[in-house]
file final32.cif (mmCIF, C-alpha atoms)
data_query
loop_
_atom_site.group_PDB
_atom_site.id
_atom_site.type_symbol
_atom_site.label_atom_id
_atom_site.label_comp_id
_atom_site.auth_asym_id
_atom_site.auth_seq_id
_atom_site.Cartn_x
_atom_site.Cartn_y
_atom_site.Cartn_z
ATOM 1 C CA MET A 1 121.995 95.369 67.074
ATOM 2 C CA LYS A 2 120.281 96.981 70.023
ATOM 3 C CA ILE A 3 120.867 96.069 73.636
ATOM 4 C CA TYR A 4 117.747 95.152 75.606
ATOM 5 C CA ILE A 5 116.896 94.296 79.179
ATOM 6 C CA ALA A 6 114.001 91.910 79.771
ATOM 7 C CA LEU A 7 112.377 91.630 83.183
ATOM 8 C CA LEU A 8 110.250 88.570 83.872
ATOM 9 C CA ARG A 9 107.637 88.860 86.604
ATOM 10 C CA GLY A 10 106.933 86.251 89.237
ATOM 11 C CA ILE A 11 109.272 83.403 88.308
ATOM 12 C CA ASN A 12 111.272 81.214 90.697
ATOM 13 C CA VAL A 13 109.474 82.621 93.740
ATOM 14 C CA SER A 14 108.654 80.142 96.523
ATOM 15 C CA GLY A 15 109.021 77.219 94.135
ATOM 16 C CA GLN A 16 106.455 78.640 91.728
ATOM 17 C CA LYS A 17 106.895 79.079 87.969
ATOM 18 C CA LYS A 18 110.357 77.556 87.830
ATOM 19 C CA VAL A 19 112.433 78.818 84.919
ATOM 20 C CA PRO A 20 116.070 77.679 85.000
ATOM 21 C CA MET A 21 118.264 80.506 83.732
ATOM 22 C CA GLY A 22 120.418 78.172 81.609
ATOM 23 C CA GLU A 23 117.338 76.926 79.754
ATOM 24 C CA LEU A 24 116.039 80.474 79.374
ATOM 25 C CA ARG A 25 119.358 81.584 77.836
ATOM 26 C CA SER A 26 119.214 78.644 75.400
ATOM 27 C CA ILE A 27 115.627 79.432 74.389
ATOM 28 C CA LEU A 28 116.378 83.097 73.779
ATOM 29 C CA THR A 29 119.538 82.287 71.841
ATOM 30 C CA SER A 30 117.549 79.854 69.673
ATOM 31 C CA VAL A 31 115.137 82.629 68.605
ATOM 32 C CA GLY A 32 118.035 84.738 67.353
ATOM 33 C CA PHE A 33 119.033 86.912 70.281
ATOM 34 C CA ASP A 34 122.758 87.483 70.708
ATOM 35 C CA ASN A 35 124.909 87.799 73.845
ATOM 36 C CA VAL A 36 122.115 86.522 76.111
ATOM 37 C CA ASN A 37 123.037 86.862 79.791
ATOM 38 C CA THR A 38 120.943 86.441 82.917
ATOM 39 C CA TYR A 39 121.317 87.886 86.384
ATOM 40 C CA ILE A 40 120.127 86.006 89.461
ATOM 41 C CA GLN A 41 117.164 83.629 89.333
ATOM 42 C CA SER A 42 114.382 86.226 89.355
ATOM 43 C CA GLY A 43 114.203 86.777 85.615
ATOM 44 C CA ASN A 44 116.605 89.483 84.515
ATOM 45 C CA VAL A 45 117.939 89.081 80.984
ATOM 46 C CA VAL A 46 120.292 91.250 78.947
ATOM 47 C CA PHE A 47 120.470 90.511 75.224
ATOM 48 C CA GLU A 48 121.024 91.975 71.777
ATOM 49 C CA SER A 49 118.563 91.896 68.893
ATOM 50 C CA LYS A 50 118.011 93.502 65.513
ATOM 51 C CA GLU A 51 114.311 93.868 66.382
ATOM 52 C CA ASN A 52 113.179 97.415 67.208
ATOM 53 C CA ASN A 53 109.684 96.632 68.509
ATOM 54 C CA THR A 54 109.773 95.971 72.260
ATOM 55 C CA ALA A 55 106.126 94.825 72.311
ATOM 56 C CA PHE A 56 107.057 92.148 69.767
ATOM 57 C CA LEU A 57 110.041 91.095 71.889
ATOM 58 C CA GLU A 58 107.867 90.904 75.024
ATOM 59 C CA ALA A 59 105.306 88.715 73.244
ATOM 60 C CA LEU A 60 108.000 86.504 71.705
ATOM 61 C CA ILE A 61 109.750 85.886 75.027
ATOM 62 C CA SER A 62 106.451 85.260 76.816
ATOM 63 C CA ASP A 63 105.288 82.833 74.096
ATOM 64 C CA LYS A 64 108.564 80.883 74.153
ATOM 65 C CA ILE A 65 108.395 80.561 77.946
ATOM 66 C CA LYS A 66 104.797 79.315 77.739
ATOM 67 C CA VAL A 67 105.747 76.684 75.149
ATOM 68 C CA ALA A 68 108.838 75.548 77.064
ATOM 69 C CA PHE A 69 107.500 75.606 80.631
ATOM 70 C CA GLY A 70 103.707 75.487 80.303
ATOM 71 C CA PHE A 71 102.774 78.742 82.038
ATOM 72 C CA GLU A 72 102.462 82.418 81.228
ATOM 73 C CA VAL A 73 104.960 84.948 82.493
ATOM 74 C CA PRO A 74 104.524 88.714 82.136
ATOM 75 C CA VAL A 75 107.586 90.150 80.369
ATOM 76 C CA LEU A 76 108.741 93.763 80.239
ATOM 77 C CA VAL A 77 111.436 94.747 77.726
ATOM 78 C CA LYS A 78 113.281 98.073 77.640
ATOM 79 C CA ASN A 79 116.182 99.068 75.450
ATOM 80 C CA ARG A 80 119.317 100.107 77.309
ATOM 81 C CA THR A 81 118.723 103.818 76.693
ATOM 82 C CA GLU A 82 115.200 103.649 78.184
ATOM 83 C CA PHE A 83 116.420 101.591 81.124
ATOM 84 C CA LYS A 84 119.252 104.013 81.848
ATOM 85 C CA SER A 85 116.851 106.962 81.671
ATOM 86 C CA ILE A 86 114.497 105.297 84.164
ATOM 87 C CA PHE A 87 117.414 104.655 86.502
ATOM 88 C CA LYS A 88 118.785 108.200 86.262
ATOM 89 C CA SER A 89 115.328 109.704 86.940
ATOM 90 C CA ASN A 90 115.190 108.075 90.375
ATOM 91 C CA PRO A 91 114.309 110.805 92.894
ATOM 92 C CA PHE A 92 115.441 108.654 95.846
ATOM 93 C CA ALA A 93 119.189 108.632 95.245
ATOM 94 C CA ASN A 94 119.989 109.225 98.927
ATOM 95 C CA VAL A 95 123.162 107.268 99.730
ATOM 96 C CA GLU A 96 121.836 106.125 103.118
ATOM 97 C CA ALA A 97 118.534 104.859 101.663
ATOM 98 C CA ILE A 98 120.434 102.992 98.953
ATOM 99 C CA ALA A 99 122.841 101.487 101.503
ATOM 100 C CA ARG A 100 119.877 100.357 103.617
ATOM 101 C CA LYS A 101 118.302 98.704 100.534
ATOM 102 C CA GLN A 102 115.206 100.893 100.726
ATOM 103 C CA VAL A 103 115.069 102.077 97.093
ATOM 104 C CA TYR A 104 112.947 100.199 94.554
ATOM 105 C CA PHE A 105 111.744 100.665 91.007
ATOM 106 C CA VAL A 106 108.338 99.386 89.885
ATOM 107 C CA LEU A 107 108.731 99.431 86.113
ATOM 108 C CA LEU A 108 105.477 99.868 84.193
ATOM 109 C CA LYS A 109 104.713 98.029 80.955
ATOM 110 C CA ASN A 110 102.437 100.819 79.693
ATOM 111 C CA THR A 111 101.791 104.425 80.575
ATOM 112 C CA PRO A 112 98.948 104.553 83.120
ATOM 113 C CA GLU A 113 95.905 106.760 82.653
ATOM 114 C CA LYS A 114 96.417 110.264 84.039
ATOM 115 C CA GLU A 115 93.346 110.041 86.268
ATOM 116 C CA LEU A 116 94.624 106.834 87.887
ATOM 117 C CA VAL A 117 98.041 108.436 88.467
ATOM 118 C CA LYS A 118 96.366 111.449 90.020
ATOM 119 C CA LEU A 119 94.317 109.257 92.381
ATOM 120 C CA LEU A 120 97.283 107.159 93.503
ATOM 121 C CA SER A 121 99.439 110.261 93.932
ATOM 122 C CA THR A 122 97.094 111.547 96.627
ATOM 123 C CA GLU A 123 97.388 108.397 98.747
ATOM 124 C CA VAL A 124 99.688 108.248 101.777
ATOM 125 C CA TYR A 125 101.538 105.157 102.956
ATOM 126 C CA THR A 126 103.315 105.245 106.316
ATOM 127 C CA ASN A 127 107.116 105.043 105.985
ATOM 128 C CA GLU A 128 106.873 105.042 102.201
ATOM 129 C CA ASP A 129 107.618 107.785 99.723
ATOM 130 C CA PHE A 130 106.895 107.376 96.032
ATOM 131 C CA LYS A 131 106.915 109.166 92.727
ATOM 132 C CA ILE A 132 104.932 108.071 89.685
ATOM 133 C CA THR A 133 106.158 108.691 86.142
ATOM 134 C CA ALA A 134 104.984 107.420 82.763
ATOM 135 C CA ASN A 135 107.152 104.299 82.980
ATOM 136 C CA CYS A 136 108.076 103.758 86.644
ATOM 137 C CA VAL A 137 106.904 104.131 90.215
ATOM 138 C CA TYR A 138 109.931 104.966 92.324
ATOM 139 C CA LEU A 139 109.727 103.769 95.916
ATOM 140 C CA HIS A 140 111.572 104.660 99.092
ATOM 141 C CA CYS A 141 110.465 101.993 101.554
ATOM 142 C CA LYS A 142 111.843 103.154 104.892
ATOM 143 C CA THR A 143 111.059 99.852 106.633
ATOM 144 C CA GLY A 144 111.952 97.682 103.628
ATOM 145 C CA TYR A 145 110.065 96.467 100.571
ATOM 146 C CA GLY A 146 108.876 93.317 102.348
ATOM 147 C CA LYS A 147 106.819 95.442 104.737
ATOM 148 C CA ALA A 148 105.698 97.999 102.142
ATOM 149 C CA LYS A 149 101.996 98.474 101.497
ATOM 150 C CA LEU A 150 102.722 100.140 98.160
ATOM 151 C CA ASN A 151 104.200 97.125 96.416
ATOM 152 C CA ASN A 152 104.116 95.792 92.861
ATOM 153 C CA ASN A 153 100.674 94.176 93.238
ATOM 154 C CA LEU A 154 99.103 97.356 94.610
ATOM 155 C CA VAL A 155 100.707 99.479 91.877
ATOM 156 C CA GLU A 156 99.270 97.141 89.223
ATOM 157 C CA ARG A 157 95.824 97.243 90.821
ATOM 158 C CA LYS A 158 95.729 101.013 91.304
ATOM 159 C CA LEU A 159 97.231 101.983 87.930
ATOM 160 C CA LYS A 160 95.709 99.092 85.939
ATOM 161 C CA VAL A 161 98.992 98.254 84.181
ATOM 162 C CA GLU A 162 101.384 95.312 84.321
ATOM 163 C CA ALA A 163 104.512 96.054 86.327
ATOM 164 C CA THR A 164 107.547 94.407 87.845
ATOM 165 C CA ALA A 165 109.707 95.587 90.728
ATOM 166 C CA ARG A 166 113.490 95.592 91.047
ATOM 167 C CA ASN A 167 115.748 96.892 93.787
ATOM 168 C CA TYR A 168 118.430 99.511 93.293
ATOM 169 C CA ALA A 169 121.317 97.000 93.266
ATOM 170 C CA THR A 170 119.664 94.913 90.525
ATOM 171 C CA MET A 171 119.109 98.013 88.388
ATOM 172 C CA VAL A 172 122.798 98.921 88.756
ATOM 173 C CA LYS A 173 123.914 95.395 87.855
ATOM 174 C CA LEU A 174 121.690 95.244 84.757
ATOM 175 C CA LEU A 175 123.072 98.565 83.550
ATOM 176 C CA GLU A 176 126.623 97.289 84.077
ATOM 177 C CA MET A 177 125.838 94.058 82.208
ATOM 178 C CA SER A 178 124.328 95.982 79.305
ATOM 179 C CA ALA A 179 127.239 98.436 78.954
#

call {"tool": "encode", "arguments": {"input": "final32.cif", "output": "structure tokens"}}
result
Amino acid sequence: MKIYIALLRGINVSGQKKVPMGELRSILTSVGFDNVNTYIQSGNVVFESKENNTAFLEALISDKIKVAFGFEVPVLVKNRTEFKSIFKSNPFANVEAIARKQVYFVLLKNTPEKELVKLLSTEVYTNEDFKITANCVYLHCKTGYGKAKLNNNLVERKLKVEATARNYATMVKLLEMSA
């Protein structure tokens, strides 16, 4: 059994796309996942599965949500090793920035095209530092993510890939839950 972390994008935000975590745990358990646990209402799931194909797991989870709740939800699945590697590669590990809740991870579903990465890398956003890798855009939002210009939607538009953002504290908690 492998340990996975699934990140659902855009659920339970402002009353939109409501997915109760208890129901989500039941659905995922019913498809054969073991030790299914959720963290907060924004769609963070830790589970175990014999399946090795993360694209299959993403499609399965997305399909089950559509059947159960009637809407599509983008799903990103990483195994624990990948997730831990993304976390450890964070270039913004400054204790003060972390304490001020200024560090974010925009996890990418697919590797963006090199030309798109190059173009975005040349852009400048006031009070925002960022680093783009094959699987994550690391953000240091000096005035907070809520005021950031370079947010999840802009990353998706510029890099032409699905993505979902999580703050530093959520990343830490998901790693703890998956240990």

call {"tool": "closest_residue", "arguments": {"input": "final32.cif", "among": "A:Thr54, A:Ser62, A:Ser121, A:Ser30", "to": "Leu8 of chain A", "atoms": "all atoms listed in the file"}}
result
A:Ser62

call {"tool": "resolve_selection", "arguments": {"input": "final32.cif", "expression": "the PyMOL selection byres ((chain A and resi 139) around 10)", "output": "mmCIF file with C-alpha atoms, in the coordinates of the input"}}
result
data_model
loop_
_atom_site.group_PDB
_atom_site.id
_atom_site.type_symbol
_atom_site.label_atom_id
_atom_site.label_comp_id
_atom_site.auth_asym_id
_atom_site.auth_seq_id
_atom_site.Cartn_x
_atom_site.Cartn_y
_atom_site.Cartn_z
ATOM 1 C CA ASN A 90 115.190 108.075 90.375
ATOM 2 C CA PRO A 91 114.309 110.805 92.894
ATOM 3 C CA PHE A 92 115.441 108.654 95.846
ATOM 4 C CA GLN A 102 115.206 100.893 100.726
ATOM 5 C CA VAL A 103 115.069 102.077 97.093
ATOM 6 C CA TYR A 104 112.947 100.199 94.554
ATOM 7 C CA PHE A 105 111.744 100.665 91.007
ATOM 8 C CA VAL A 106 108.338 99.386 89.885
ATOM 9 C CA GLU A 128 106.873 105.042 102.201
ATOM 10 C CA ASP A 129 107.618 107.785 99.723
ATOM 11 C CA PHE A 130 106.895 107.376 96.032
ATOM 12 C CA LYS A 131 106.915 109.166 92.727
ATOM 13 C CA ILE A 132 104.932 108.071 89.685
ATOM 14 C CA CYS A 136 108.076 103.758 86.644
ATOM 15 C CA VAL A 137 106.904 104.131 90.215
ATOM 16 C CA TYR A 138 109.931 104.966 92.324
ATOM 17 C CA HIS A 140 111.572 104.660 99.092
ATOM 18 C CA CYS A 141 110.465 101.993 101.554
ATOM 19 C CA LYS A 142 111.843 103.154 104.892
ATOM 20 C CA TYR A 145 110.065 96.467 100.571
ATOM 21 C CA ALA A 148 105.698 97.999 102.142
ATOM 22 C CA LEU A 150 102.722 100.140 98.160
ATOM 23 C CA ASN A 151 104.200 97.125 96.416
ATOM 24 C CA ALA A 165 109.707 95.587 90.728
ATOM 25 C CA ASN A 167 115.748 96.892 93.787
#

call {"tool": "closest_residue", "arguments": {"input": "final32.cif", "among": "A:Asn12, A:Asn44, A:Asn152, A:Thr143", "to": "Met177 of chain A", "atoms": "all atoms listed in the file"}}
result
A:Asn44

call {"tool": "closest_residue", "arguments": {"input": "final32.cif", "among": "A:Leu119, A:Ala97, A:Ala59, A:Ile86", "to": "Arg166 of chain A", "atoms": "only C-alpha atoms"}}
result
A:Ile86

call {"tool": "atom_distance", "arguments": {"input": "final32.cif", "atom1": "atom CA of Lys66 of chain A", "atom2": "atom CA of Glu162 of chain A"}}
result
17.6 Å

call {"tool": "axis_aligned_box", "arguments": {"input": "final32.cif", "around": "segment 166-174 of chain A", "padding_each_side": "8 Å", "output": "lines of an AutoDock Vina configuration file"}}
result
center_x = 118.7
center_y = 97.2
center_z = 89.3
size_x = 26.4
size_y = 20.6
size_z = 25.0

call {"tool": "residues_around", "arguments": {"input": "final32.cif", "residues": "Ser42 of chain A", "least_positions_apart": "5", "cutoff": "10 Å", "atoms": "all atoms listed in the file", "output": "PDB file with C-alpha atoms, keeping the file's coordinate frame"}}
result
ATOM      1  CA  LEU A   7     112.377  91.630  83.183  1.00  0.00           C
ATOM      2  CA  LEU A   8     110.250  88.570  83.872  1.00  0.00           C
ATOM      3  CA  ARG A   9     107.637  88.860  86.604  1.00  0.00           C
ATOM      4  CA  GLY A  10     106.933  86.251  89.237  1.00  0.00           C
ATOM      5  CA  ILE A  11     109.272  83.403  88.308  1.00  0.00           C
ATOM      6  CA  ASN A  12     111.272  81.214  90.697  1.00  0.00           C
ATOM      7  CA  VAL A  13     109.474  82.621  93.740  1.00  0.00           C
ATOM      8  CA  LYS A  18     110.357  77.556  87.830  1.00  0.00           C
ATOM      9  CA  VAL A  19     112.433  78.818  84.919  1.00  0.00           C
ATOM     10  CA  PRO A  20     116.070  77.679  85.000  1.00  0.00           C
ATOM     11  CA  MET A  21     118.264  80.506  83.732  1.00  0.00           C
ATOM     12  CA  ARG A 166     113.490  95.592  91.047  1.00  0.00           C
TER      13      ARG A 166
END

call {"tool": "closest_residue", "arguments": {"input": "final32.cif", "among": "A:Leu108, A:Gly22, A:Ala55, A:Ile27", "to": "Ile40 of chain A", "atoms": "all atoms listed in the file"}}
result
A:Gly22

call {"tool": "residues_around", "arguments": {"input": "final32.cif", "residues": "segment 78-82 of chain A", "least_positions_apart": "4", "cutoff": "9 Å", "atoms": "only C-alpha atoms", "output": "tab-separated table (two decimals) with C-alpha atoms, keeping the file's coordinate frame"}}
result
chain	number	residue	atom	x	y	z
A	2	LYS	CA	120.28	96.98	70.02
A	3	ILE	CA	120.87	96.07	73.64
A	4	TYR	CA	117.75	95.15	75.61
A	5	ILE	CA	116.90	94.30	79.18
A	6	ALA	CA	114.00	91.91	79.77
A	7	LEU	CA	112.38	91.63	83.18
A	52	ASN	CA	113.18	97.42	67.21
A	54	THR	CA	109.77	95.97	72.26
A	86	ILE	CA	114.50	105.30	84.16
A	87	PHE	CA	117.41	104.66	86.50
A	175	LEU	CA	123.07	98.56	83.55
A	178	SER	CA	124.33	95.98	79.31
A	179	ALA	CA	127.24	98.44	78.95

call {"tool": "build_atoms", "arguments": {"input": "final32.cif", "residues": "segment 68-86 of chain A", "atoms": "N, CA and C atoms", "output": "PDB file, in the coordinates of the input"}}
result
ATOM      1  N   ALA A  68     107.797  76.339  76.409  1.00  0.00           N
ATOM      2  CA  ALA A  68     108.838  75.548  77.064  1.00  0.00           C
ATOM      3  C   ALA A  68     108.455  75.073  78.464  1.00  0.00           C
ATOM      4  N   PHE A  69     107.738  75.919  79.223  1.00  0.00           N
ATOM      5  CA  PHE A  69     107.500  75.606  80.631  1.00  0.00           C
ATOM      6  C   PHE A  69     106.031  75.410  80.994  1.00  0.00           C
ATOM      7  N   GLY A  70     105.126  75.760  80.077  1.00  0.00           N
ATOM      8  CA  GLY A  70     103.707  75.487  80.303  1.00  0.00           C
ATOM      9  C   GLY A  70     102.944  76.504  81.116  1.00  0.00           C
ATOM     10  N   PHE A  71     103.507  77.703  81.313  1.00  0.00           N
ATOM     11  CA  PHE A  71     102.774  78.742  82.038  1.00  0.00           C
ATOM     12  C   PHE A  71     103.139  80.108  81.470  1.00  0.00           C
ATOM     13  N   GLU A  72     102.247  81.058  81.724  1.00  0.00           N
ATOM     14  CA  GLU A  72     102.462  82.418  81.228  1.00  0.00           C
ATOM     15  C   GLU A  72     103.278  83.225  82.227  1.00  0.00           C
ATOM     16  N   VAL A  73     104.133  84.057  81.685  1.00  0.00           N
ATOM     17  CA  VAL A  73     104.960  84.948  82.493  1.00  0.00           C
ATOM     18  C   VAL A  73     104.890  86.344  81.877  1.00  0.00           C
ATOM     19  N   PRO A  74     104.472  87.347  82.656  1.00  0.00           N
ATOM     20  CA  PRO A  74     104.524  88.714  82.136  1.00  0.00           C
ATOM     21  C   PRO A  74     105.985  89.116  81.899  1.00  0.00           C
ATOM     22  N   VAL A  75     106.233  89.749  80.759  1.00  0.00           N
ATOM     23  CA  VAL A  75     107.586  90.150  80.369  1.00  0.00           C
ATOM     24  C   VAL A  75     107.585  91.631  80.021  1.00  0.00           C
ATOM     25  N   LEU A  76     108.554  92.346  80.539  1.00  0.00           N
ATOM     26  CA  LEU A  76     108.741  93.763  80.239  1.00  0.00           C
ATOM     27  C   LEU A  76     110.108  93.916  79.590  1.00  0.00           C
ATOM     28  N   VAL A  77     110.167  94.549  78.429  1.00  0.00           N
ATOM     29  CA  VAL A  77     111.436  94.747  77.726  1.00  0.00           C
ATOM     30  C   VAL A  77     111.660  96.244  77.521  1.00  0.00           C
ATOM     31  N   LYS A  78     112.858  96.687  77.877  1.00  0.00           N
ATOM     32  CA  LYS A  78     113.281  98.073  77.640  1.00  0.00           C
ATOM     33  C   LYS A  78     114.626  98.044  76.930  1.00  0.00           C
ATOM     34  N   ASN A  79     114.833  98.992  76.018  1.00  0.00           N
ATOM     35  CA  ASN A  79     116.182  99.068  75.450  1.00  0.00           C
ATOM     36  C   ASN A  79     117.081  99.739  76.488  1.00  0.00           C
ATOM     37  N   ARG A  80     118.371  99.617  76.305  1.00  0.00           N
ATOM     38  CA  ARG A  80     119.317 100.107  77.309  1.00  0.00           C
ATOM     39  C   ARG A  80     119.145 101.601  77.583  1.00  0.00           C
ATOM     40  N   THR A  81     118.891 102.373  76.537  1.00  0.00           N
ATOM     41  CA  THR A  81     118.723 103.818  76.693  1.00  0.00           C
ATOM     42  C   THR A  81     117.523 104.129  77.591  1.00  0.00           C
ATOM     43  N   GLU A  82     116.394 103.451  77.356  1.00  0.00           N
ATOM     44  CA  GLU A  82     115.200 103.649  78.184  1.00  0.00           C
ATOM     45  C   GLU A  82     115.474 103.244  79.636  1.00  0.00           C
ATOM     46  N   PHE A  83     116.125 102.111  79.796  1.00  0.00           N
ATOM     47  CA  PHE A  83     116.420 101.591  81.124  1.00  0.00           C
ATOM     48  C   PHE A  83     117.313 102.556  81.899  1.00  0.00           C
ATOM     49  N   LYS A  84     118.332 103.072  81.221  1.00  0.00           N
ATOM     50  CA  LYS A  84     119.252 104.013  81.848  1.00  0.00           C
ATOM     51  C   LYS A  84     118.527 105.303  82.237  1.00  0.00           C
ATOM     52  N   SER A  85     117.628 105.757  81.389  1.00  0.00           N
ATOM     53  CA  SER A  85     116.851 106.962  81.671  1.00  0.00           C
ATOM     54  C   SER A  85     115.959 106.773  82.901  1.00  0.00           C
ATOM     55  N   ILE A  86     115.322 105.607  82.995  1.00  0.00           N
ATOM     56  CA  ILE A  86     114.497 105.297  84.164  1.00  0.00           C
ATOM     57  C   ILE A  86     115.362 105.329  85.421  1.00  0.00           C
TER      58      ILE A  86
END
